[in-house]
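Following: one structure in structure tokens, then a few remarks.
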Amino acid sequence: MTRKLFILPFALSSLYAAVVNAKEDTNQIKKNIEIISVNADKIGNPVDERVSALEGAQLISSEYIRAQQASTLADALSKTTSVQVDQDGGSQGSQVIVRGLSGDRVSTRIDGVPKNFNQTRHGGAGTVWIDPEVIQNITVIPGVASNLYGSGSLGGIIDMETRDPADAISEGRDYGFGYRQGYESNGDSLITGLEFGANLTDSTAGLVNYTYRDMGAYEDGDGKEAIGGSTGSQDSNLLVKVVHDTDLFGQFELSVLEMDKSYTSRGTISRGLALSSGTQETDVHDISYNIKHRYQAPNNDWVNISSQIATTTTERTRQTTGENDLSIWKVSTDFIEVQNQSLVSMMNIEHQINFGLDYTVDDILTAYTDTAGSQLERERKIWGIYASDRFDINKQLSFVLGLRYDNFSSTDLATGASSDNKGFFPKLHIDYKPFSTNDNLSLFGVVGKSFRAPSVHEAFGRGSTEIICEEGRRGFSCSEYVPNSSLEAEKADSYEVGFRYTPSSVFTASDELYAHLIYVNNDLENFISEKELSSGSTIIDGKEFDVDRSTFENIDRAEITGIEMRINYTNDHFFTALSAQRLEGEDKNTGNNLVDISPASANFSIGAYLLEQKVRTGIDVSWRDKREVDESSSFNRLSYTVVDGFASYEINDNWKVQARVSNLFDKLYTKRYQSLSVDPDTQEQSDLTYYEPGRNIKASVAYQF
């Protein structure tokens, strides 16, 4: 049925285009709609975005990403106010944290399509894999403003848009070629990137982007090869895209994005707990097929319809030394979306109206097995309808009204158990400029609801009450997950208030200043948290062992509050930026801290443009506070401050060289939970913490023709 539904968006949009064009003169010149560029420092109102920068959307460009010499998604998002990224074994993956929340509480997308590997919810399932070289833009929408995207919008969404042929084709030519070569000293790593774009015909353009990374085992700030899965990786990334424009039916885009990653890890560590030891050979294969269609009617402001169908599969296999069986995690997602965005005038008020529907199906293969040894499979479905209206009452007062309805279900295919949820999720955003003669200062607020459906792991556990015994952090232990398919979806009543100040020509004729301060209050209902049950026992070889039993339950209420701020200033010779956030999370039943809320952090940059702006140089400083959790020291995080130095030089229009020294002072630090293992017999303590790379010199050269 899902495969047949794939035809529906294109049938609808193409049929509508044919009907409209049959009634209109096909020789009419299409009406241009101004698209205002948005980035993290500027405010605009892009017609083609479901959520505009007025509501807090931030657009991070490929120019910024490459200026960071980003090797990972963590590098690409390192200075974004609302976002933190914890690396899983250095280059081996990235866990995105938005507004203190991570995993499936954040919707992570590529070209608009959800990447739902996190639905397995075990074995590092919160990890996201994408190479920064294929990214053209990253859209970050933090908090309740993202609720039109459905499940996972408690924290916000991250949508990574891949490069188009137009991004690679040189100005004034019908083709373009790019070459990028990089080296990193810590791990003796090589990066090679190739890109070719061309106008194949007057109406068709194509792109091929290929990147290969050979990232070696890095050393931490103490000069030791990092433990616990930080042995580098070998990555192969391929993007192929074709864009075809027609006068009659609009634009079609077909793309294939494929990634292969392999690495060796030593042991599995999760949230500070050493779960297993030994060498683990891991392979990740990620492939996506995506077809998009866009049609804008020449003489009808109401019709600006787009649709897409996509299928994406992520599979990870892991072979542990001394074991014969592979552990396999796999999630395949089919996605359909149709939306229409209009700029129309009603009663002398300009409205930006957005309406759409989407449908997502996840087929999930867990690493758990039934009594016969077959891997457990689950299915997850969500369909939703959404609408929004953005309008200006006058030059000082703007509103955004939004509403989404979602219907969710998941099924354990082995037992037939199911979990179902549905609901309406509204939002209201108000933006007010208090001075009619100066539109640089805005006061704003947003209030709304968002939700996160229970993961299949939370609802169904291991699929049974099977007791599993294995060597763990404190020696041999036994555990049991009790399923709870009656879990309710997490829902958040949220509000945000703040101000934004964006003057230009402050000190010089060409300078710009951007500043914002936001207070966030996220009141979570039915927050899902793991709960310890009364212990049990089991007999193995005539010996009785205790069994740690747990399940997932809805907490009545939890609350996240805090502030975010950002200040940027730039002119022709100098730039500086400061961003910071501090959030606190509390279980309102127990008064304990929420263990998954990430600590306070700040990022500071300062630098200069030299030699007629051909040279860009400066330093970056990243700070994160410690985090102590009430109920378990295994969830504690350590504070750190890390300094980077960077410089780049544009030799000419074709050649550019860059250099960066990451962790300039060779700091020993970790972004993840501290892990201290105690031998149950000798009481000897071992440090199994995932430490980040020590000093790392990055150098790259790029050629564009």
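Chain labels follow the order of the structure tokens: the first chain is A, the next B, and so on; residue numbering restarts at 1 in every chain, and ligands are counted from 1 in their shown order.
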* To do: Write down as a ChimeraX atom specification the residues of stretch 361-471 of chain A whose backbone DSSP state falls under strand (DSSP E or B).
  => /A:361-369,375-392,397-412,418-432,435,438,441-452,468-471
Hey, what's within 6 Å of stretch 218-221 of chain A if we count only C-alpha atoms and toss same-chain stuff fewer than 4 positions away? As a short mmCIF file (atom, residue, chain, number, x, y, z; two decimals) with N, CA and C atoms, in the first residue's frame, please?
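In the end it all went to out_15.cif:
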```
data_model
loop_
_atom_site.label_atom_id
_atom_site.label_comp_id
_atom_site.auth_asym_id
_atom_site.auth_seq_id
_atom_site.Cartn_x
_atom_site.Cartn_y
_atom_site.Cartn_z
N ASN A 186 46.01 14.62 13.72
CA ASN A 186 45.66 13.72 14.81
C ASN A 186 44.82 12.57 14.24
N GLY A 187 45.47 11.47 13.98
CA GLY A 187 44.82 10.35 13.31
C GLY A 187 45.34 10.14 11.91
N GLU A 225 45.77 6.88 22.76
CA GLU A 225 44.76 6.55 21.75
C GLU A 225 43.43 6.36 22.45
N ALA A 226 42.41 7.09 21.98
CA ALA A 226 41.14 7.14 22.70
C ALA A 226 40.48 5.78 22.77
N ASP A 666 45.69 21.31 23.63
CA ASP A 666 45.76 19.86 23.88
C ASP A 666 45.00 19.47 25.15
N LYS A 667 43.78 19.98 25.28
CA LYS A 667 42.96 19.76 26.46
C LYS A 667 42.40 18.33 26.48
N LEU A 668 42.44 17.68 27.64
CA LEU A 668 41.78 16.40 27.83
C LEU A 668 40.33 16.68 28.23
N GLU A 692 37.65 13.27 23.77
CA GLU A 692 37.71 13.86 22.44
C GLU A 692 39.16 14.00 21.97
N PRO A 693 39.37 14.28 20.67
CA PRO A 693 40.75 14.39 20.17
C PRO A 693 41.53 15.49 20.86
N GLY A 694 42.83 15.25 21.02
CA GLY A 694 43.73 16.30 21.49
C GLY A 694 44.02 17.26 20.35
#
```
* Figure out the distance between atom CA of A:Gln674 and atom CA of A:Thr80, please, to one decimal in Å. =>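 Between these atoms lies a distance of 24.4 Å.
Taking only C-alpha atoms, the non-local environment of A:Ala602 within 10 Å (same-chain residues fewer than 3 positions away omitted) comprises Lys79, Thr80, Thr81, Glu564, Met565, Arg566, Leu578, Ser579, Ala580, Gln581, Arg582, Val621, Ser622, Trp623, Arg624, Asp625 and Thr641 of chain A.
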* Asked: If you count only C-alpha atoms, which residues fall within 12 Å of A:Pro434, apart from same-chain ones fewer than 3 positions away, as JSON, numbers by chain?
  -> {"A": [394, 395, 396, 397, 398, 431, 437, 438, 439, 440, 441, 442, 443, 444, 499, 500, 501]}
Residue selection dump (all heavy atoms) as a short mmCIF file (atom, residue, chain, number, x, y, z; two decimals), in the first residue's frame:
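Printed below is selection15.cif as written:
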```cif
data_model
loop_
_atom_site.label_atom_id
_atom_site.label_comp_id
_atom_site.auth_asym_id
_atom_site.auth_seq_id
_atom_site.Cartn_x
_atom_site.Cartn_y
_atom_site.Cartn_z
N ASN A 394 0.21 45.45 10.55
CA ASN A 394 0.81 46.69 10.06
C ASN A 394 2.32 46.49 10.07
O ASN A 394 2.80 45.36 10.24
CB ASN A 394 0.38 47.90 10.90
CG ASN A 394 0.59 47.65 12.39
OD1 ASN A 394 1.63 47.15 12.80
ND2 ASN A 394 -0.41 48.01 13.20
N LYS A 395 3.09 47.56 9.89
CA LYS A 395 4.54 47.43 9.83
C LYS A 395 5.15 47.06 11.18
O LYS A 395 6.32 46.67 11.25
CB LYS A 395 5.15 48.73 9.34
CG LYS A 395 4.85 49.02 7.88
CD LYS A 395 5.56 50.29 7.43
CE LYS A 395 5.29 50.56 5.96
NZ LYS A 395 5.99 51.79 5.48
N GLN A 396 4.35 47.15 12.24
CA GLN A 396 4.88 46.89 13.57
C GLN A 396 4.45 45.55 14.16
O GLN A 396 5.13 45.02 15.03
CB GLN A 396 4.47 48.01 14.53
CG GLN A 396 5.09 49.35 14.22
CD GLN A 396 4.61 50.42 15.18
OE1 GLN A 396 3.73 51.21 14.86
NE2 GLN A 396 5.18 50.43 16.38
N LEU A 397 3.34 45.00 13.70
CA LEU A 397 2.77 43.83 14.36
C LEU A 397 2.55 42.70 13.36
O LEU A 397 1.86 42.87 12.35
CB LEU A 397 1.44 44.20 15.03
CG LEU A 397 0.77 43.12 15.88
CD1 LEU A 397 1.66 42.71 17.04
CD2 LEU A 397 -0.58 43.62 16.39
N SER A 398 3.14 41.51 13.67
CA SER A 398 3.02 40.33 12.81
C SER A 398 2.55 39.15 13.64
O SER A 398 2.88 39.02 14.83
CB SER A 398 4.37 39.99 12.16
OG SER A 398 4.84 41.06 11.38
N ASP A 431 5.09 38.94 16.79
CA ASP A 431 6.30 39.74 16.66
C ASP A 431 5.88 41.21 16.64
O ASP A 431 5.04 41.61 15.83
CB ASP A 431 7.04 39.38 15.37
CG ASP A 431 8.42 40.01 15.31
OD1 ASP A 431 8.52 41.16 14.82
OD2 ASP A 431 9.38 39.35 15.73
N THR A 437 9.38 54.13 13.73
CA THR A 437 10.42 54.73 12.89
C THR A 437 11.70 53.89 12.85
O THR A 437 12.65 54.25 12.16
CB THR A 437 10.78 56.14 13.41
OG1 THR A 437 11.20 56.04 14.77
CG2 THR A 437 9.58 57.06 13.30
N ASN A 438 11.71 52.78 13.58
CA ASN A 438 12.91 51.94 13.63
C ASN A 438 12.48 50.48 13.75
O ASN A 438 11.92 50.07 14.77
CB ASN A 438 13.78 52.33 14.83
CG ASN A 438 15.12 51.62 14.83
OD1 ASN A 438 15.29 50.59 14.20
ND2 ASN A 438 16.08 52.18 15.56
N ASP A 439 12.72 49.70 12.68
CA ASP A 439 12.28 48.31 12.69
C ASP A 439 13.41 47.35 13.08
O ASP A 439 13.31 46.14 12.86
CB ASP A 439 11.71 47.90 11.34
CG ASP A 439 12.72 48.02 10.22
OD1 ASP A 439 13.88 48.42 10.48
OD2 ASP A 439 12.37 47.70 9.07
N ASN A 440 14.48 47.86 13.68
CA ASN A 440 15.60 47.00 14.06
C ASN A 440 15.34 46.23 15.35
O ASN A 440 15.96 45.20 15.58
CB ASN A 440 16.88 47.84 14.24
CG ASN A 440 17.36 48.43 12.94
OD1 ASN A 440 17.27 47.80 11.90
ND2 ASN A 440 17.87 49.66 13.00
N LEU A 441 14.44 46.73 16.20
CA LEU A 441 14.14 46.07 17.46
C LEU A 441 12.79 45.37 17.38
O LEU A 441 11.79 45.98 17.01
CB LEU A 441 14.12 47.09 18.61
CG LEU A 441 13.75 46.53 19.99
CD1 LEU A 441 14.80 45.53 20.47
CD2 LEU A 441 13.57 47.66 21.00
N SER A 442 12.78 44.08 17.73
CA SER A 442 11.55 43.30 17.75
C SER A 442 11.40 42.61 19.09
O SER A 442 12.38 42.06 19.63
CB SER A 442 11.56 42.24 16.64
OG SER A 442 11.60 42.81 15.37
N LEU A 443 10.20 42.63 19.61
CA LEU A 443 9.83 41.84 20.77
C LEU A 443 8.95 40.70 20.28
O LEU A 443 8.05 40.93 19.47
CB LEU A 443 9.07 42.69 21.79
CG LEU A 443 9.73 44.00 22.22
CD1 LEU A 443 8.82 44.74 23.20
CD2 LEU A 443 11.10 43.76 22.83
N PHE A 444 9.19 39.50 20.73
CA PHE A 444 8.43 38.38 20.18
C PHE A 444 8.11 37.36 21.26
O PHE A 444 8.74 37.29 22.32
CB PHE A 444 9.19 37.70 19.03
CG PHE A 444 10.54 37.15 19.41
CD1 PHE A 444 10.67 35.87 19.94
CD2 PHE A 444 11.68 37.91 19.24
CE1 PHE A 444 11.89 35.36 20.29
CE2 PHE A 444 12.92 37.41 19.59
CZ PHE A 444 13.04 36.13 20.11
N PHE A 499 13.71 39.15 22.69
CA PHE A 499 13.83 40.30 21.81
C PHE A 499 14.94 40.04 20.80
O PHE A 499 15.84 39.22 21.00
CB PHE A 499 14.12 41.58 22.60
CG PHE A 499 15.54 41.69 23.11
CD1 PHE A 499 16.56 42.22 22.32
CD2 PHE A 499 15.85 41.27 24.40
CE1 PHE A 499 17.86 42.32 22.80
CE2 PHE A 499 17.15 41.37 24.88
CZ PHE A 499 18.16 41.89 24.08
N ARG A 500 14.88 40.79 19.70
CA ARG A 500 15.84 40.68 18.61
C ARG A 500 16.21 42.10 18.17
O ARG A 500 15.32 42.94 17.98
CB ARG A 500 15.22 39.89 17.46
CG ARG A 500 16.14 39.56 16.32
CD ARG A 500 15.36 38.83 15.23
NE ARG A 500 14.83 37.55 15.68
CZ ARG A 500 13.54 37.24 15.73
NH1 ARG A 500 12.63 38.16 15.40
NH2 ARG A 500 13.15 36.06 16.13
N TYR A 501 17.50 42.35 18.02
CA TYR A 501 17.96 43.69 17.65
C TYR A 501 18.94 43.54 16.49
O TYR A 501 19.96 42.85 16.61
CB TYR A 501 18.63 44.36 18.85
CG TYR A 501 19.04 45.80 18.61
CD1 TYR A 501 18.13 46.73 18.10
CD2 TYR A 501 20.32 46.23 18.92
CE1 TYR A 501 18.51 48.04 17.90
CE2 TYR A 501 20.71 47.55 18.73
CZ TYR A 501 19.78 48.46 18.21
OH TYR A 501 20.16 49.77 18.00
#
```
* With distances taken over only C-alpha atoms, which of A:Arg109, A:Lys626, A:Arg695, A:Arg462 is nearest to A:Val642? ->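 Closest to A:Val642 of all the choices is A:Arg695.
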